[in-house]
$ cat upload29.pdb   # PDB, C-alpha atoms
MODEL        1
ATOM      1  CA  MET A   1     -21.309 -28.232   4.400
ATOM      2  CA  ALA A   2     -22.456 -31.678   5.478
ATOM      3  CA  GLY A   3     -24.004 -32.227   2.046
ATOM      4  CA  TYR A   4     -20.776 -31.180   0.372
ATOM      5  CA  LYS A   5     -18.781 -33.721   2.426
ATOM      6  CA  TRP A   6     -21.244 -36.430   1.409
ATOM      7  CA  LEU A   7     -20.738 -35.553  -2.254
ATOM      8  CA  VAL A   8     -16.977 -35.901  -1.908
ATOM      9  CA  MET A   9     -17.205 -39.302  -0.193
ATOM     10  CA  ALA A  10     -19.929 -40.657  -2.480
ATOM     11  CA  SER A  11     -18.236 -39.557  -5.746
ATOM     12  CA  PRO A  12     -21.517 -39.776  -7.709
ATOM     13  CA  ASN A  13     -21.675 -40.906 -11.325
ATOM     14  CA  GLY A  14     -18.039 -41.897 -11.408
ATOM     15  CA  PHE A  15     -16.606 -38.442 -10.664
ATOM     16  CA  THR A  16     -13.229 -38.370  -8.980
ATOM     17  CA  PRO A  17     -13.010 -36.672  -5.566
ATOM     18  CA  GLU A  18     -11.178 -33.784  -7.260
ATOM     19  CA  GLN A  19     -13.990 -33.364  -9.782
ATOM     20  CA  VAL A  20     -16.636 -33.490  -7.073
ATOM     21  CA  ALA A  21     -14.812 -30.735  -5.230
ATOM     22  CA  ARG A  22     -14.397 -28.657  -8.394
ATOM     23  CA  TYR A  23     -17.985 -28.996  -9.599
ATOM     24  CA  ALA A  24     -19.700 -29.109  -6.213
ATOM     25  CA  ARG A  25     -21.825 -26.032  -6.906
ATOM     26  CA  HIS A  26     -23.058 -27.592 -10.143
ATOM     27  CA  LEU A  27     -23.757 -30.957  -8.571
ATOM     28  CA  ILE A  28     -26.092 -29.503  -5.957
ATOM     29  CA  LEU A  29     -28.083 -27.533  -8.546
ATOM     30  CA  PRO A  30     -31.300 -29.411  -9.412
ATOM     31  CA  GLU A  31     -31.051 -28.046 -12.968
ATOM     32  CA  VAL A  32     -27.573 -29.549 -13.446
ATOM     33  CA  GLY A  33     -26.667 -32.242 -10.924
ATOM     34  CA  GLY A  34     -24.493 -35.212 -11.782
ATOM     35  CA  LYS A  35     -26.311 -35.881 -15.048
ATOM     36  CA  GLY A  36     -25.863 -32.344 -16.333
ATOM     37  CA  GLN A  37     -22.229 -32.187 -15.259
ATOM     38  CA  ARG A  38     -21.538 -35.436 -17.057
ATOM     39  CA  LYS A  39     -23.112 -33.923 -20.205
ATOM     40  CA  LEU A  40     -20.842 -30.893 -19.909
ATOM     41  CA  MET A  41     -17.798 -33.135 -19.550
ATOM     42  CA  ASN A  42     -18.818 -35.117 -22.635
ATOM     43  CA  THR A  43     -19.475 -32.037 -24.802
ATOM     44  CA  SER A  44     -17.145 -30.351 -27.272
ATOM     45  CA  VAL A  45     -17.329 -26.639 -28.077
ATOM     46  CA  LEU A  46     -15.512 -24.784 -30.833
ATOM     47  CA  LEU A  47     -14.590 -21.147 -30.162
ATOM     48  CA  LEU A  48     -14.156 -18.967 -33.221
ATOM     49  CA  GLY A  49     -11.703 -16.392 -31.939
ATOM     50  CA  ALA A  50      -9.656 -16.089 -28.757
ATOM     51  CA  GLY A  51     -10.281 -12.356 -28.499
ATOM     52  CA  GLY A  52     -12.730 -10.177 -26.627
ATOM     53  CA  LEU A  53     -15.720 -12.520 -26.886
ATOM     54  CA  GLY A  54     -13.797 -15.791 -26.968
ATOM     55  CA  SER A  55     -11.833 -14.941 -23.826
ATOM     56  CA  PRO A  56     -14.690 -14.902 -21.276
ATOM     57  CA  ALA A  57     -16.517 -17.678 -23.102
ATOM     58  CA  GLY A  58     -13.407 -19.848 -23.064
ATOM     59  CA  LEU A  59     -12.676 -19.208 -19.400
ATOM     60  CA  TYR A  60     -16.187 -20.111 -18.292
ATOM     61  CA  LEU A  61     -16.411 -23.133 -20.590
ATOM     62  CA  ALA A  62     -13.135 -24.468 -19.213
ATOM     63  CA  ALA A  63     -14.090 -23.754 -15.623
ATOM     64  CA  ALA A  64     -17.423 -25.531 -16.111
ATOM     65  CA  GLY A  65     -15.711 -28.701 -17.305
ATOM     66  CA  ILE A  66     -16.548 -28.784 -21.009
ATOM     67  CA  GLY A  67     -14.650 -31.861 -22.149
ATOM     68  CA  LYS A  68     -13.081 -30.523 -25.338
ATOM     69  CA  ILE A  69     -12.644 -26.921 -26.417
ATOM     70  CA  GLY A  70     -11.295 -26.010 -29.832
ATOM     71  CA  ILE A  71      -9.941 -22.510 -30.469
ATOM     72  CA  VAL A  72      -9.689 -21.118 -33.982
ATOM     73  CA  ASP A  73      -7.466 -18.029 -34.178
ATOM     74  CA  PHE A  74      -4.510 -17.093 -36.371
ATOM     75  CA  ASP A  75      -3.461 -13.878 -34.577
ATOM     76  CA  ASP A  76      -0.679 -13.147 -32.109
ATOM     77  CA  VAL A  77      -1.291 -11.325 -28.822
ATOM     78  CA  ASP A  78      -0.865  -7.549 -29.113
ATOM     79  CA  ALA A  79      -0.669  -4.998 -26.311
ATOM     80  CA  SER A  80      -3.890  -3.384 -27.545
ATOM     81  CA  ASN A  81      -5.737  -6.674 -26.909
ATOM     82  CA  LEU A  82      -5.150  -6.676 -23.153
ATOM     83  CA  GLN A  83      -7.849  -4.073 -22.396
ATOM     84  CA  ARG A  84     -10.523  -6.697 -23.080
ATOM     85  CA  GLN A  85      -9.033 -10.068 -24.052
ATOM     86  CA  ILE A  86      -8.678 -11.573 -20.594
ATOM     87  CA  LEU A  87      -7.279 -14.910 -21.750
ATOM     88  CA  HIS A  88      -3.950 -13.179 -22.346
ATOM     89  CA  GLY A  89      -1.420 -11.287 -20.225
ATOM     90  CA  ILE A  90       1.570  -9.005 -20.696
ATOM     91  CA  GLU A  91       3.884 -12.004 -20.797
ATOM     92  CA  ASP A  92       1.920 -13.357 -23.774
ATOM     93  CA  ILE A  93       2.517 -10.394 -26.103
ATOM     94  CA  GLY A  94       3.839 -11.762 -29.377
ATOM     95  CA  ARG A  95       2.659 -15.337 -28.706
ATOM     96  CA  PRO A  96       0.012 -17.043 -30.827
ATOM     97  CA  LYS A  97      -3.350 -16.474 -29.181
ATOM     98  CA  VAL A  98      -4.223 -20.154 -29.422
ATOM     99  CA  ASP A  99      -1.161 -20.992 -27.307
ATOM    100  CA  SER A 100      -1.684 -18.436 -24.566
ATOM    101  CA  ALA A 101      -5.416 -19.219 -24.486
ATOM    102  CA  ALA A 102      -4.748 -22.941 -24.134
ATOM    103  CA  ASP A 103      -2.263 -22.364 -21.304
ATOM    104  CA  ARG A 104      -4.717 -20.139 -19.420
ATOM    105  CA  MET A 105      -7.651 -22.507 -19.823
ATOM    106  CA  LYS A 106      -5.609 -25.557 -18.807
ATOM    107  CA  SER A 107      -4.387 -23.694 -15.735
ATOM    108  CA  MET A 108      -8.027 -23.280 -14.702
ATOM    109  CA  ASN A 109      -9.012 -26.880 -15.350
ATOM    110  CA  PRO A 110      -6.448 -29.518 -16.329
ATOM    111  CA  ASP A 111      -9.236 -31.988 -17.156
ATOM    112  CA  VAL A 112     -10.246 -29.993 -20.237
ATOM    113  CA  GLU A 113      -8.783 -30.899 -23.616
ATOM    114  CA  VAL A 114      -7.883 -27.714 -25.489
ATOM    115  CA  VAL A 115      -7.186 -27.876 -29.218
ATOM    116  CA  GLY A 116      -5.544 -24.872 -30.852
ATOM    117  CA  ILE A 117      -6.344 -24.344 -34.547
ATOM    118  CA  ARG A 118      -4.111 -21.575 -35.872
ATOM    119  CA  GLU A 119      -5.480 -21.057 -39.339
ATOM    120  CA  HIS A 120      -7.886 -18.970 -41.370
ATOM    121  CA  LEU A 121     -11.316 -20.467 -41.862
ATOM    122  CA  ASP A 122     -12.389 -20.699 -45.470
ATOM    123  CA  SER A 123     -14.751 -22.707 -47.624
ATOM    124  CA  GLY A 124     -12.093 -25.378 -48.077
ATOM    125  CA  ASN A 125     -11.533 -26.230 -44.397
ATOM    126  CA  VAL A 126     -14.537 -25.005 -42.431
ATOM    127  CA  LEU A 127     -16.620 -28.179 -42.629
ATOM    128  CA  ASP A 128     -13.677 -30.309 -41.571
ATOM    129  CA  VAL A 129     -12.910 -27.998 -38.624
ATOM    130  CA  PHE A 130     -16.539 -27.862 -37.449
ATOM    131  CA  LYS A 131     -17.522 -31.510 -37.860
ATOM    132  CA  ASP A 132     -16.056 -32.857 -34.608
ATOM    133  CA  TYR A 133     -17.678 -30.280 -32.289
ATOM    134  CA  ASP A 134     -21.135 -30.234 -30.734
ATOM    135  CA  VAL A 135     -21.570 -26.455 -30.370
ATOM    136  CA  ILE A 136     -20.009 -23.583 -32.322
ATOM    137  CA  VAL A 137     -19.459 -20.258 -30.522
ATOM    138  CA  ASP A 138     -18.783 -17.414 -32.951
ATOM    139  CA  GLY A 139     -16.837 -14.503 -31.500
ATOM    140  CA  THR A 140     -15.328 -13.294 -34.754
ATOM    141  CA  ASP A 141     -15.126  -9.636 -35.744
ATOM    142  CA  ASN A 142     -15.601  -9.770 -39.514
ATOM    143  CA  PHE A 143     -18.618 -10.441 -41.675
ATOM    144  CA  PRO A 144     -17.166 -12.957 -44.150
ATOM    145  CA  THR A 145     -16.283 -15.337 -41.303
ATOM    146  CA  ARG A 146     -19.662 -14.837 -39.636
ATOM    147  CA  TYR A 147     -21.487 -15.831 -42.809
ATOM    148  CA  LEU A 148     -19.111 -18.731 -43.366
ATOM    149  CA  ALA A 149     -19.675 -19.973 -39.810
ATOM    150  CA  ASN A 150     -23.417 -19.686 -40.249
ATOM    151  CA  ASP A 151     -23.429 -21.625 -43.510
ATOM    152  CA  ALA A 152     -21.198 -24.409 -42.191
ATOM    153  CA  SER A 153     -23.221 -24.748 -38.979
ATOM    154  CA  PHE A 154     -26.425 -24.878 -40.977
ATOM    155  CA  LEU A 155     -25.115 -27.539 -43.367
ATOM    156  CA  LEU A 156     -23.792 -29.694 -40.519
ATOM    157  CA  GLY A 157     -26.814 -29.183 -38.267
ATOM    158  CA  LYS A 158     -24.676 -27.676 -35.493
ATOM    159  CA  PRO A 159     -26.068 -25.105 -33.040
ATOM    160  CA  LEU A 160     -24.353 -21.742 -33.471
ATOM    161  CA  VAL A 161     -24.049 -19.234 -30.630
ATOM    162  CA  HIS A 162     -23.294 -15.871 -32.212
ATOM    163  CA  GLY A 163     -22.023 -12.809 -30.357
ATOM    164  CA  ALA A 164     -21.101  -9.358 -31.616
ATOM    165  CA  ILE A 165     -20.000  -6.092 -30.017
ATOM    166  CA  TYR A 166     -19.626  -2.515 -31.204
ATOM    167  CA  ARG A 167     -18.510   0.440 -29.103
ATOM    168  CA  LEU A 168     -20.991   0.304 -26.177
ATOM    169  CA  GLU A 169     -23.390  -2.278 -27.595
ATOM    170  CA  GLY A 170     -23.436  -6.057 -27.589
ATOM    171  CA  GLN A 171     -25.768  -8.690 -28.978
ATOM    172  CA  LEU A 172     -26.109 -12.442 -28.596
ATOM    173  CA  THR A 173     -28.154 -14.838 -30.714
ATOM    174  CA  MET A 174     -28.441 -18.618 -30.872
ATOM    175  CA  PHE A 175     -29.243 -20.437 -34.113
ATOM    176  CA  ASP A 176     -30.124 -24.125 -34.189
ATOM    177  CA  ALA A 177     -31.321 -25.101 -37.658
ATOM    178  CA  ALA A 178     -31.474 -28.785 -36.689
ATOM    179  CA  HIS A 179     -34.362 -27.892 -34.368
ATOM    180  CA  GLY A 180     -36.144 -25.500 -36.697
ATOM    181  CA  SER A 181     -34.683 -22.125 -35.780
ATOM    182  CA  ALA A 182     -33.764 -19.382 -38.218
ATOM    183  CA  CYS A 183     -30.142 -18.783 -39.223
ATOM    184  CA  TYR A 184     -27.917 -15.724 -39.441
ATOM    185  CA  ARG A 185     -28.741 -15.241 -43.113
ATOM    186  CA  CYS A 186     -32.439 -15.238 -42.222
ATOM    187  CA  LEU A 187     -31.835 -12.083 -40.166
ATOM    188  CA  PHE A 188     -29.171 -10.500 -42.357
ATOM    189  CA  SER A 189     -29.438 -11.804 -45.901
ATOM    190  CA  GLU A 190     -26.421  -9.855 -47.152
ATOM    191  CA  PRO A 191     -23.297  -8.520 -45.434
ATOM    192  CA  PRO A 192     -22.838  -4.751 -45.316
ATOM    193  CA  PRO A 193     -20.635  -3.188 -47.989
ATOM    194  CA  PRO A 194     -16.906  -3.449 -47.253
ATOM    195  CA  GLY A 195     -15.690  -0.542 -45.125
ATOM    196  CA  SER A 196     -19.170   0.545 -44.036
ATOM    197  CA  VAL A 197     -18.730  -0.755 -40.459
ATOM    198  CA  ALA A 198     -15.773   0.588 -38.513
ATOM    199  CA  SER A 199     -13.346  -1.830 -36.869
ATOM    200  CA  TYR A 200     -12.488  -1.797 -33.150
ATOM    201  CA  ALA A 201      -9.301   0.083 -33.987
ATOM    202  CA  GLU A 202     -11.368   2.784 -35.692
ATOM    203  CA  ALA A 203     -14.458   2.912 -33.471
ATOM    204  CA  GLY A 204     -13.211   1.659 -30.099
ATOM    205  CA  VAL A 205     -14.951  -0.731 -27.719
ATOM    206  CA  LEU A 206     -15.597  -0.641 -23.969
ATOM    207  CA  GLY A 207     -13.374  -3.268 -22.364
ATOM    208  CA  VAL A 208     -16.000  -4.850 -20.124
ATOM    209  CA  LEU A 209     -18.596  -5.199 -22.903
ATOM    210  CA  PRO A 210     -17.175  -8.360 -24.494
ATOM    211  CA  GLY A 211     -16.961  -9.843 -20.999
ATOM    212  CA  THR A 212     -20.693  -9.651 -20.464
ATOM    213  CA  THR A 213     -21.547 -10.687 -24.028
ATOM    214  CA  GLY A 214     -19.030 -13.535 -24.195
ATOM    215  CA  GLY A 215     -20.091 -14.760 -20.762
ATOM    216  CA  ARG A 216     -23.663 -15.000 -21.970
ATOM    217  CA  GLY A 217     -22.398 -16.975 -24.936
ATOM    218  CA  ALA A 218     -20.929 -19.527 -22.522
ATOM    219  CA  PHE A 219     -24.233 -19.520 -20.633
ATOM    220  CA  GLN A 220     -26.121 -20.299 -23.833
ATOM    221  CA  SER A 221     -23.732 -23.181 -24.497
ATOM    222  CA  PHE A 222     -24.540 -24.600 -21.055
ATOM    223  CA  GLN A 223     -28.250 -24.365 -21.806
ATOM    224  CA  LEU A 224     -27.826 -26.227 -25.072
ATOM    225  CA  THR A 225     -25.719 -28.915 -23.430
ATOM    226  CA  CYS A 226     -27.909 -29.525 -20.416
ATOM    227  CA  GLY A 227     -31.146 -29.247 -22.377
ATOM    228  CA  ILE A 228     -32.859 -26.956 -19.910
ATOM    229  CA  ALA A 229     -34.215 -23.410 -19.940
ATOM    230  CA  TRP A 230     -32.917 -20.915 -17.439
ATOM    231  CA  ALA A 231     -33.749 -17.249 -17.087
ATOM    232  CA  LEU A 232     -30.867 -14.850 -17.617
TER     233      LEU A 232
ENDMDL
END
$ encode --input "upload29.pdb" --output "structure tokens"
Amino acid sequence: MAGYKWLVMASPNGFTPEQVARYARHLILPEVGGKGQRKLMNTSVLLLGAGGLGSPAGLYLAAAGIGKIGIVDFDDVDASNLQRQILHGIEDIGRPKVDSAADRMKSMNPDVEVVGIREHLDSGNVLDVFKDYDVIVDGTDNFPTRYLANDASFLLGKPLVHGAIYRLEGQLTMFDAAHGSACYRCLFSEPPPPGSVASYAEAGVLGVLPGTTGGRGAFQSFQLTCGIAWAL
């Protein structure tokens, strides 16, 4: 407790007293500290989707103090989303997801700039949408957008954190072509035939699964930002 009081009075690295109080548990971590927290606050992350995967990722990114968070989503909140999409509540049904997500994230951390992008990604706009962000977090649920996100990230040299869920299974992968890693197309050269993979509405999904997978996506974003390796 004495160390915490010292942090508040000292306000290291130009943090306000409110920021020192908010990020105190980061500031005392040797792996983060003031330098790492400043990196987080100067980083921008683009979330593709404000659904099951984007919800936990967005909440943790906002809570951690990521300076700018973009949210790409063109859907409205539906009652069937609430079983897993924890950015939204009953009062948000019918609202654009980008709006309810922005309100929730700002309520957690008013320092964070949240940019809602309510449009479909396509080959005509994807490079322009991606170019101003440091890290891309893909939580989409369709293969055309996954391949599009991969290609744009590869062309722009942006790290791509990719998550996917299906029924009781989740997977997370990070691609960083700028530093020599493979890309999504290296693993899956071609998308599956249309209709061969059932949607959530057809196959179902365990509500907590996107929470664990999306949370790990936020964790991977922290690793990229702070430039350190942690064990999961």
$ resolve_selection --input "upload29.pdb" --expression "the PyMOL selection byres ((chain A and resi 133) around 10)" --output "ChimeraX atom specification"
/A:43-47,68-70,129-132,134-136,158-159
$ write_last_selection --input "upload29.pdb" --atoms "C-alpha atoms" --output "PDB file, keeping the file's coordinate frame"
ATOM      1  CA  THR A  43     -19.475 -32.037 -24.802  1.00  0.00           C
ATOM      2  CA  SER A  44     -17.145 -30.351 -27.272  1.00  0.00           C
ATOM      3  CA  VAL A  45     -17.329 -26.639 -28.077  1.00  0.00           C
ATOM      4  CA  LEU A  46     -15.512 -24.784 -30.833  1.00  0.00           C
ATOM      5  CA  LEU A  47     -14.590 -21.147 -30.162  1.00  0.00           C
ATOM      6  CA  LYS A  68     -13.081 -30.523 -25.338  1.00  0.00           C
ATOM      7  CA  ILE A  69     -12.644 -26.921 -26.417  1.00  0.00           C
ATOM      8  CA  GLY A  70     -11.295 -26.010 -29.832  1.00  0.00           C
ATOM      9  CA  VAL A 129     -12.910 -27.998 -38.624  1.00  0.00           C
ATOM     10  CA  PHE A 130     -16.539 -27.862 -37.449  1.00  0.00           C
ATOM     11  CA  LYS A 131     -17.522 -31.510 -37.860  1.00  0.00           C
ATOM     12  CA  ASP A 132     -16.056 -32.857 -34.608  1.00  0.00           C
ATOM     13  CA  ASP A 134     -21.135 -30.234 -30.734  1.00  0.00           C
ATOM     14  CA  VAL A 135     -21.570 -26.455 -30.370  1.00  0.00           C
ATOM     15  CA  ILE A 136     -20.009 -23.583 -32.322  1.00  0.00           C
ATOM     16  CA  LYS A 158     -24.676 -27.676 -35.493  1.00  0.00           C
ATOM     17  CA  PRO A 159     -26.068 -25.105 -33.040  1.00  0.00           C
TER      18      PRO A 159
END
$ closest_residue --input "upload29.pdb" --among "A:Ala63, A:Ala164, A:Ala79, A:Phe143" --to "A:Pro194" --atoms "all atoms listed in the file"
A:Phe143
$ resolve_selection --input "upload29.pdb" --expression "the PyMOL selection byres ((chain A and resi 54) around 12)" --output "CSV table (one decimal) with C-alpha atoms, in the frame of the given file"
chain,number,residue,atom,x,y,z
A,45,VAL,CA,-17.3,-26.6,-28.1
A,46,LEU,CA,-15.5,-24.8,-30.8
A,47,LEU,CA,-14.6,-21.1,-30.2
A,48,LEU,CA,-14.2,-19.0,-33.2
A,49,GLY,CA,-11.7,-16.4,-31.9
A,50,ALA,CA,-9.7,-16.1,-28.8
A,51,GLY,CA,-10.3,-12.4,-28.5
A,52,GLY,CA,-12.7,-10.2,-26.6
A,53,LEU,CA,-15.7,-12.5,-26.9
A,55,SER,CA,-11.8,-14.9,-23.8
A,56,PRO,CA,-14.7,-14.9,-21.3
A,57,ALA,CA,-16.5,-17.7,-23.1
A,58,GLY,CA,-13.4,-19.8,-23.1
A,59,LEU,CA,-12.7,-19.2,-19.4
A,60,TYR,CA,-16.2,-20.1,-18.3
A,61,LEU,CA,-16.4,-23.1,-20.6
A,62,ALA,CA,-13.1,-24.5,-19.2
A,69,ILE,CA,-12.6,-26.9,-26.4
A,70,GLY,CA,-11.3,-26.0,-29.8
A,71,ILE,CA,-9.9,-22.5,-30.5
A,72,VAL,CA,-9.7,-21.1,-34.0
A,73,ASP,CA,-7.5,-18.0,-34.2
A,84,ARG,CA,-10.5,-6.7,-23.1
A,85,GLN,CA,-9.0,-10.1,-24.1
A,86,ILE,CA,-8.7,-11.6,-20.6
A,87,LEU,CA,-7.3,-14.9,-21.8
A,88,HIS,CA,-4.0,-13.2,-22.3
A,97,LYS,CA,-3.4,-16.5,-29.2
A,98,VAL,CA,-4.2,-20.2,-29.4
A,101,ALA,CA,-5.4,-19.2,-24.5
A,102,ALA,CA,-4.7,-22.9,-24.1
A,105,MET,CA,-7.7,-22.5,-19.8
A,136,ILE,CA,-20.0,-23.6,-32.3
A,137,VAL,CA,-19.5,-20.3,-30.5
A,138,ASP,CA,-18.8,-17.4,-33.0
A,139,GLY,CA,-16.8,-14.5,-31.5
A,140,THR,CA,-15.3,-13.3,-34.8
A,141,ASP,CA,-15.1,-9.6,-35.7
A,161,VAL,CA,-24.0,-19.2,-30.6
A,162,HIS,CA,-23.3,-15.9,-32.2
A,163,GLY,CA,-22.0,-12.8,-30.4
A,164,ALA,CA,-21.1,-9.4,-31.6
A,165,ILE,CA,-20.0,-6.1,-30.0
A,210,PRO,CA,-17.2,-8.4,-24.5
A,211,GLY,CA,-17.0,-9.8,-21.0
A,212,THR,CA,-20.7,-9.7,-20.5
A,213,THR,CA,-21.5,-10.7,-24.0
A,214,GLY,CA,-19.0,-13.5,-24.2
A,215,GLY,CA,-20.1,-14.8,-20.8
A,216,ARG,CA,-23.7,-15.0,-22.0
A,217,GLY,CA,-22.4,-17.0,-24.9
A,218,ALA,CA,-20.9,-19.5,-22.5
$ atom_distance --input "upload29.pdb" --atom1 "atom CA of A:Cys183" --atom2 "atom CA of A:Asp151"
8.5 Å
$ resolve_selection --input "upload29.pdb" --expression "the PyMOL selection byres ((chain A and resi 187-189) around 12)" --output "list in words"
Phe143, Arg146, Tyr147, Asn150, Asp151, Thr173, Met174, Phe175, Ser181, Ala182, Cys183, Tyr184, Arg185, Cys186, Glu190, Pro191 and Pro192 of chain A
$ atom_distance --input "upload29.pdb" --atom1 "atom CA of A:Phe74" --atom2 "atom CA of A:Pro96"
7.2 Å
$ closest_residue --input "upload29.pdb" --among "A:Ala149, A:Ile228, A:Ala203, A:Leu209" --to "A:Gln171" --atoms "all atoms listed in the file"
A:Leu209
$ residues_around --input "upload29.pdb" --residues "A:Arg167" --least-positions-apart "4" --cutoff "7 Å" --atoms "all atoms listed in the file" --output "list of chain:residue names"
A:Ala203, A:Gly204, A:Val205, A:Leu206
$ closest_residue --input "upload29.pdb" --among "A:Gly33, A:Tyr23, A:Val112, A:Thr145" --to "A:Val126" --atoms "all atoms listed in the file"
A:Thr145
$ axis_aligned_box --input "upload29.pdb" --around "stretch 195-203 of chain A" --padding-each-side "3 Å" --output "JSON"
{"center_x": -14.2, "center_y": 0.5, "center_z": -39.1, "size_x": 15.9, "size_y": 10.7, "size_z": 18.0}
$ atom_distance --input "upload29.pdb" --atom1 "atom CA of A:Val208" --atom2 "atom CA of A:Gln220"
18.8 Å
$ closest_residue --input "upload29.pdb" --among "A:Thr16, A:Ser107, A:Gln223, A:Asn142" --to "A:Ala198" --atoms "all atoms listed in the file"
A:Asn142
$ build_atoms --input "upload29.pdb" --residues "stretch 207-224 of chain A" --atoms "N, CA and C atoms" --output "tab-separated table (two decimals), in the coordinates of the input"
chain	number	residue	atom	x	y	z
A	207	GLY	N	-14.04	-2.02	-22.71
A	207	GLY	CA	-13.37	-3.27	-22.36
A	207	GLY	C	-14.26	-4.31	-21.71
A	208	VAL	N	-15.17	-3.88	-20.85
A	208	VAL	CA	-16.00	-4.85	-20.12
A	208	VAL	C	-17.12	-5.42	-20.98
A	209	LEU	N	-17.46	-4.77	-22.07
A	209	LEU	CA	-18.60	-5.20	-22.90
A	209	LEU	C	-18.44	-6.62	-23.44
A	210	PRO	N	-17.30	-6.97	-24.04
A	210	PRO	CA	-17.18	-8.36	-24.49
A	210	PRO	C	-17.21	-9.37	-23.35
A	211	GLY	N	-16.87	-8.93	-22.14
A	211	GLY	CA	-16.96	-9.84	-21.00
A	211	GLY	C	-18.38	-10.27	-20.73
A	212	THR	N	-19.30	-9.31	-20.73
A	212	THR	CA	-20.69	-9.65	-20.46
A	212	THR	C	-21.32	-10.41	-21.62
A	213	THR	N	-20.98	-10.02	-22.85
A	213	THR	CA	-21.55	-10.69	-24.03
A	213	THR	C	-20.97	-12.09	-24.20
A	214	GLY	N	-19.65	-12.22	-24.07
A	214	GLY	CA	-19.03	-13.54	-24.20
A	214	GLY	C	-19.44	-14.47	-23.08
A	215	GLY	N	-19.62	-13.93	-21.87
A	215	GLY	CA	-20.09	-14.76	-20.76
A	215	GLY	C	-21.47	-15.32	-21.02
A	216	ARG	N	-22.32	-14.51	-21.62
A	216	ARG	CA	-23.66	-15.00	-21.97
A	216	ARG	C	-23.60	-16.05	-23.08
A	217	GLY	N	-22.59	-15.94	-23.94
A	217	GLY	CA	-22.40	-16.98	-24.94
A	217	GLY	C	-22.07	-18.32	-24.30
A	218	ALA	N	-21.22	-18.30	-23.26
A	218	ALA	CA	-20.93	-19.53	-22.52
A	218	ALA	C	-22.19	-20.04	-21.85
A	219	PHE	N	-22.97	-19.14	-21.28
A	219	PHE	CA	-24.23	-19.52	-20.63
A	219	PHE	C	-25.16	-20.23	-21.61
A	220	GLN	N	-25.27	-19.68	-22.82
A	220	GLN	CA	-26.12	-20.30	-23.83
A	220	GLN	C	-25.62	-21.69	-24.19
A	221	SER	N	-24.30	-21.86	-24.23
A	221	SER	CA	-23.73	-23.18	-24.50
A	221	SER	C	-24.11	-24.18	-23.41
A	222	PHE	N	-24.13	-23.72	-22.15
A	222	PHE	CA	-24.54	-24.60	-21.06
A	222	PHE	C	-26.00	-25.01	-21.22
A	223	GLN	N	-26.84	-24.05	-21.60
A	223	GLN	CA	-28.25	-24.36	-21.81
A	223	GLN	C	-28.43	-25.43	-22.88
A	224	LEU	N	-27.73	-25.26	-23.99
A	224	LEU	CA	-27.83	-26.23	-25.07
A	224	LEU	C	-27.38	-27.61	-24.61
